[in-house]
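Undergrad: Pasting a structure here, questions to come.
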Amino acid sequence: MKPKNAFGLVRTAVAVPMVHVTNPLMNVVEMMKLVQQAATKHVQLLTFPELSITGYTCGDLFLQPLLHEKAIDGLQLFIEATRHIDMIIQVGMPLLVNQKLFNVAVTMHKGKILCVTPKTFIPNYKHFYEGRWFRPSYEATVSEVELCGQRVPFGTNHVIDVFVGKGSSKRRIFCLGIEICEDLWMPIPPSSHQAIAGATILTNLSASNSEIGKGAYRYELVTQQAARCVAAYQYVSCGPWESSGDVVFDGDAIISENGHLRARSEPFDLDVEFEPQLLVTDVDVEKLERERFISGSYSQTSIVDPKEFHRIECVVESIDDKLAAAPRIHLNKLPFVPSNNKERAERCEEIFKHVVTALKRRLRSFEKGTGRRDVVIGISGGLDSLLAFLFTLRAFDELGWDRKGILAVTMPGAGTSRRTKKNALTLIKQTGVTWRDISIVKNVTTHLRSIGHEPCWTCLQCENAQARERTHILMDLGFVIGTGDLSEIAQGWCTYNGDQQSMYNPNGDIPKTLVKYLVRHAVEIERFKEIRKAILDVLSTPVSPELVKAKKVGEIEQLTEDIIGPYILHDFFLWHMIRNGYSPRKIAWLAKLTFAGDYDRATILKWLHAFLKRFSASQFKRQNLPDCPKIASVSLSPRGDWRAPADVVLTAWIEEVRAMIEELVP
């Protein structure tokens with residue numbers, strides 16, 4: 001059984017040591033300083049630069065047998081020094097095999113050499129002269145070599161399966177693939193085949209010089225390869241201690257997880273003494289493996305371009321408890337929302353363009369079929385109807401259609417507040433659309449009494465009757481623009497055959513936490529300046545369906561988050577459950593870290609339990625959702641990213657949360 005604290009994390013690091021060119025003994029001393037640092041940080045995989053034992057800029061000294069001997073002596077010393085350190089370590093060195101010199105990566109663990117990986121693509125252009133000294137991997141005539149008294153695999157056709165535990169508790173925590181510098185720059189890097197063979201962490205021992213603009217290009221190469229391979233890719237290049245005869249090295253080090261930056265050194269951001277660097281982060285292998293298996297096309301590459309790989313096994317000690325207690329991961333309270341202001345503004349504008357383009361296409365289709373250029377939308381004075389209204393206004397403007405074709409309907413009920421009604425009227429009147437005000441109180445009262453229910457305006461039956469009456473009115477008036485957002489759809493916070501229905505819903509893929517930023521974005525652009533004041537007031541209005549009659553006339557009685565819980569938590573749960581496939585235990589663990597100081601574990605578990613129950617119970621509503629434009633990697637459309645039985649019950653998920661709640665009891 002998987003341990004409770006095993007959340008799929010692996011702690012990796014890259015190291016840029018001080019280099020003494022052609023002096024393996026001193027280089028080993030320098031590398032050991034970083035190994036010791038990494039050990040105190042519980043690093044499981046550590047990668048040094050290309051030719052780190054000797055230095056990269058040895059020139060024709062690579063042709064000297066003495067340097068080869070000293071490199072092996074240095075490796076032997078390094079092996080002995082790390083024999084009792086539970087860490088997989090990779091170093092680079094020159095290695096003479098059958099009268100051919102290879103540029104290799106040596107991967108070891110606790111005194112045992114796991115494999116030797118020669119460089120495949122040897123650069124021999126411009127300032128690179130490696131072909132003068134080294135041979136490419138495909139010129140090797142052996143698959144094993146004798147090195148430091150060990151018989152070890154030699155070649156590029158191996159991956160390393162890393163396990164923890166023994167017997168029935170033994171489990172693989174990651175698979176390792178290795179390449180060297182220039183290999184990454186090729187059309188089909190060796191790491192591509194290694195990833196197809198199962199490698200989830202790919203390493204690159206490099207010695208890439210610095211040039212103007214090259215750092216940005218190199219960063220793109222690393223992140224793109226990580227994304228293409230759906231892997232963690234850790235790249236490390238040698239630092240400025242190498243010879244500066246014609247080139248300069250900046251110690252660029254990058255760790256990317258599926259295209260997302262996890263750590264990077266600052267080139268030339270070193271003091272006068274050129275301090276060595278150690279970058280440590282945790283990569284989520286569990287998430288990477290899930291990304292691969294849900295993509296059917298990923299596995300097809302092994303059929304299209306098959307390669308045979310030798311699998312090497314390595315067993316390390318588990319550090320699950322240490323990783324769980326103090327993970328080195330990025331914590332984000334708003335996973336749907338970029339944290340960078342510039343990126344967030346760009347994302348909001350991109351979403352507006354995306355949704356408006358889809359809405360315009362649907363409106364053109366409607367016009368073609370009916371000859372009409374009009375829609376109807378209910379305006380409540382709340383966030384969701386405002387966002388849908390903004391999308392519709394922009395679509396009409398870009399189509400060149402008269403805004404009078406937008407029929408905005410206010411439908412006050414027993415719980416409508418003065419504030420929301422005022423904002424709704426301001427939005428409508430100042431944008432030049434057509435307005436109708438239709439009270440629903442009389443019709444709902446008549447309907448409820450006809451079925452034997454005296455209106456109390458506080459029960460669920462009264463709430464649903466109001467929601468359905470509003471939808472009934474809108475449907476009779478024309479082509480209805482929906483307003484429900486992704487968070488409401490996930491929670492079932494909508495009335496079946498009521499506000500759940502529309503002809504087209506531009507909000508359907510947008511979570512509540514993102515709705516606020518999109519609406520705020522509208523304030524900051526010229527297009528909606530005439531309603532800026534009203535938009536700001538809507539943003540500061542508490543979220544409420546206003547379906548319960550207030551104790552004080554005109555006030556807001558019903559607050560959504562008091563009933564179903566904070567949207568910031570629910571959107572967090574939704575993202576990690578649907579996008580990442582995390583278990584409730586992992587979601588709760590991550591939420592506790594992320595919301596430390598905001599919500600305690602008991603509160604998080606309370607709302608996670610509520611979220612799962614509501615999500616499970618409302619699947620039948622999602623089976624009949626109207627079309628909505630997909631904008632992100634989390635969608636609940638039954639025709640898109642989420643398909644499940646209408647009567648599904650998430651028993652295992654809910655029980656796991658209950659078990660965690662029971663664990664809180666002393």
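Here, A, B, ... name the chains of the structure tokens in the order displayed, residue numbers run from 1 inside each chain, and ligands are numbered from 1 in the same displayed order.
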List the neighbours of segment 582-599 of chain A out to 10 Å using only C-alpha atoms; skip same-chain residues closer than 3 positions along the sequence, and give me the result as a PDB file with C-alpha atoms, in the first residue's frame.
TA:
ATOM      1  CA  LYS A   4       0.176   8.271   3.459  1.00  0.00           C
ATOM      2  CA  ASN A   5       2.959  10.787   2.891  1.00  0.00           C
ATOM      3  CA  ALA A   6       3.986   9.531  -0.548  1.00  0.00           C
ATOM      4  CA  PHE A   7       2.810  12.353  -2.778  1.00  0.00           C
ATOM      5  CA  GLY A   8       4.935  11.559  -5.829  1.00  0.00           C
ATOM      6  CA  GLU A 286       3.085  11.440  -9.995  1.00  0.00           C
ATOM      7  CA  LYS A 287       1.633  14.333 -11.989  1.00  0.00           C
ATOM      8  CA  ARG A 290      -0.669  10.886 -15.057  1.00  0.00           C
ATOM      9  CA  ALA A 324       5.810  16.012   2.932  1.00  0.00           C
ATOM     10  CA  ALA A 325       6.930  18.130   5.890  1.00  0.00           C
ATOM     11  CA  ALA A 326       8.931  20.692   3.923  1.00  0.00           C
ATOM     12  CA  PRO A 327       8.446  20.375   0.151  1.00  0.00           C
ATOM     13  CA  ILE A 329       7.385  23.339  -4.575  1.00  0.00           C
ATOM     14  CA  HIS A 330       5.548  26.374  -5.888  1.00  0.00           C
ATOM     15  CA  LEU A 331       2.434  27.094  -3.812  1.00  0.00           C
ATOM     16  CA  ASN A 332      -0.385  28.933  -5.562  1.00  0.00           C
ATOM     17  CA  LYS A 333      -3.672  29.881  -3.921  1.00  0.00           C
ATOM     18  CA  LEU A 334      -5.156  30.791  -7.296  1.00  0.00           C
ATOM     19  CA  ILE A 568     -10.873  30.183  -3.279  1.00  0.00           C
ATOM     20  CA  LEU A 569     -10.757  26.733  -1.672  1.00  0.00           C
ATOM     21  CA  PHE A 572      -8.189  25.049  -5.614  1.00  0.00           C
ATOM     22  CA  PHE A 573      -9.827  21.642  -5.023  1.00  0.00           C
ATOM     23  CA  LEU A 574     -11.309  21.620  -8.527  1.00  0.00           C
ATOM     24  CA  TRP A 575      -7.996  22.388 -10.238  1.00  0.00           C
ATOM     25  CA  HIS A 576      -5.993  19.739  -8.433  1.00  0.00           C
ATOM     26  CA  MET A 577      -8.670  17.058  -8.674  1.00  0.00           C
ATOM     27  CA  ILE A 578      -9.552  17.497 -12.363  1.00  0.00           C
ATOM     28  CA  ARG A 579      -6.363  18.974 -13.821  1.00  0.00           C
ATOM     29  CA  ALA A 602      -9.966  20.999   9.997  1.00  0.00           C
ATOM     30  CA  THR A 603     -11.528  23.790   7.952  1.00  0.00           C
ATOM     31  CA  ILE A 604      -9.883  22.587   4.756  1.00  0.00           C
ATOM     32  CA  LEU A 605     -11.147  19.038   5.304  1.00  0.00           C
ATOM     33  CA  LEU A 608     -13.137  19.434   0.837  1.00  0.00           C
ATOM     34  CA  HIS A 609     -15.711  16.948   2.117  1.00  0.00           C
ATOM     35  CA  LEU A 612     -16.711  16.234  -3.088  1.00  0.00           C
ATOM     36  CA  ALA A 652     -13.688   6.282  -2.294  1.00  0.00           C
ATOM     37  CA  TRP A 653     -12.823   9.995  -2.441  1.00  0.00           C
ATOM     38  CA  ILE A 654     -15.358  10.966   0.215  1.00  0.00           C
ATOM     39  CA  GLU A 655     -14.293   8.127   2.516  1.00  0.00           C
ATOM     40  CA  GLU A 656     -10.662   9.205   2.249  1.00  0.00           C
ATOM     41  CA  VAL A 657     -11.624  12.669   3.487  1.00  0.00           C
ATOM     42  CA  ALA A 659     -10.685   9.116   7.354  1.00  0.00           C
ATOM     43  CA  MET A 660      -8.548  12.262   7.504  1.00  0.00           C
TER      44      MET A 660
END
Undergrad: Counting only C-alpha atoms, what is within 8 Å of segment 351-363 of chain A, bar same-chain residues fewer than 3 positions away, as a ChimeraX atom specification?
TA: /A:347-348,366-367,373,391-392,394-396,399,504,506,518,629,631
Undergrad: Just checking: using only C-alpha atoms, which residue out of A:Asp571, A:Met108, A:Asp86, A:Val548 ends up closest to Cys456 of chain A?
TA: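 Using only C-alpha atoms, Cys456 of chain A sits closest to A:Val548.
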Undergrad: Counting only C-alpha atoms, which residue out of A:Val230, A:Leu101, A:Cys238, A:Ile85 sits closest to Val14 of chain A?
TA: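 The answer is A:Cys238, which sits nearest to Val14 of chain A.
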Undergrad: Quick one, how far is atom CA of Glu398 of chain A from atom CA of Asn507 of chain A?
TA: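 The value is 18.7 Å.
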Undergrad: Per DSSP on the backbone, what are the alpha helix (DSSP H) residues of segment 388-516 of chain A, as a PyMOL selection string?
TA: chain A and resi 388-399+418-429+441-450+460-477+486-491+512-516
Undergrad: So which one's closest to Leu45 of chain A, A:Gly177, A:Gly213, A:Gly369, A:Pro190? Using only C-alpha atoms, please.
TA: A:Gly177
Undergrad: Nearest to Glu488 of chain A among A:Pro455, A:Gln430, A:Lys606, A:Leu636, with distances taken over only C-alpha atoms: which residue is it?
TA: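 Closest to Glu488 of chain A, using only C-alpha atoms: A:Leu636.
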Undergrad: Could you state the separation of atom CA of Tyr496 of chain A and atom CA of Ala465 of chain A in Å, given to one decimal place?
TA: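 Atom CA of Ala465 of chain A lies at a distance of 10.6 Å from atom CA of Tyr496 of chain A.
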Undergrad: For Ser208 of chain A, please output as a CSV table (one decimal) with C-alpha atoms, in the first residue's frame all residues within 10 Å (counting only C-alpha atoms; exclusion window: fewer than 3 positions along the same chain).
TA:
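So part_37.csv came out as:
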chain,number,residue,atom,x,y,z
A,49,PRO,CA,28.2,19.8,-15.6
A,50,GLU,CA,29.8,18.1,-18.6
A,56,TYR,CA,35.6,21.3,-20.2
A,181,CYS,CA,24.9,19.1,-23.9
A,182,GLU,CA,24.7,19.1,-27.8
A,205,LEU,CA,25.3,17.5,-18.3
A,211,GLU,CA,26.6,34.5,-26.0
A,214,LYS,CA,21.8,32.3,-26.2
A,215,GLY,CA,20.6,32.0,-22.7
A,218,ARG,CA,18.8,27.6,-24.3
A,236,VAL,CA,23.4,22.3,-15.8
A,237,SER,CA,26.3,24.0,-17.5
A,238,CYS,CA,29.8,24.8,-16.3
A,239,GLY,CA,30.6,28.1,-14.6
A,247,VAL,CA,34.5,31.8,-24.8
A,248,VAL,CA,32.8,32.6,-21.5
A,249,PHE,CA,30.7,30.2,-19.4
A,250,ASP,CA,28.0,31.5,-17.2
A,251,GLY,CA,26.9,28.4,-15.1
A,252,ASP,CA,23.4,28.4,-16.5
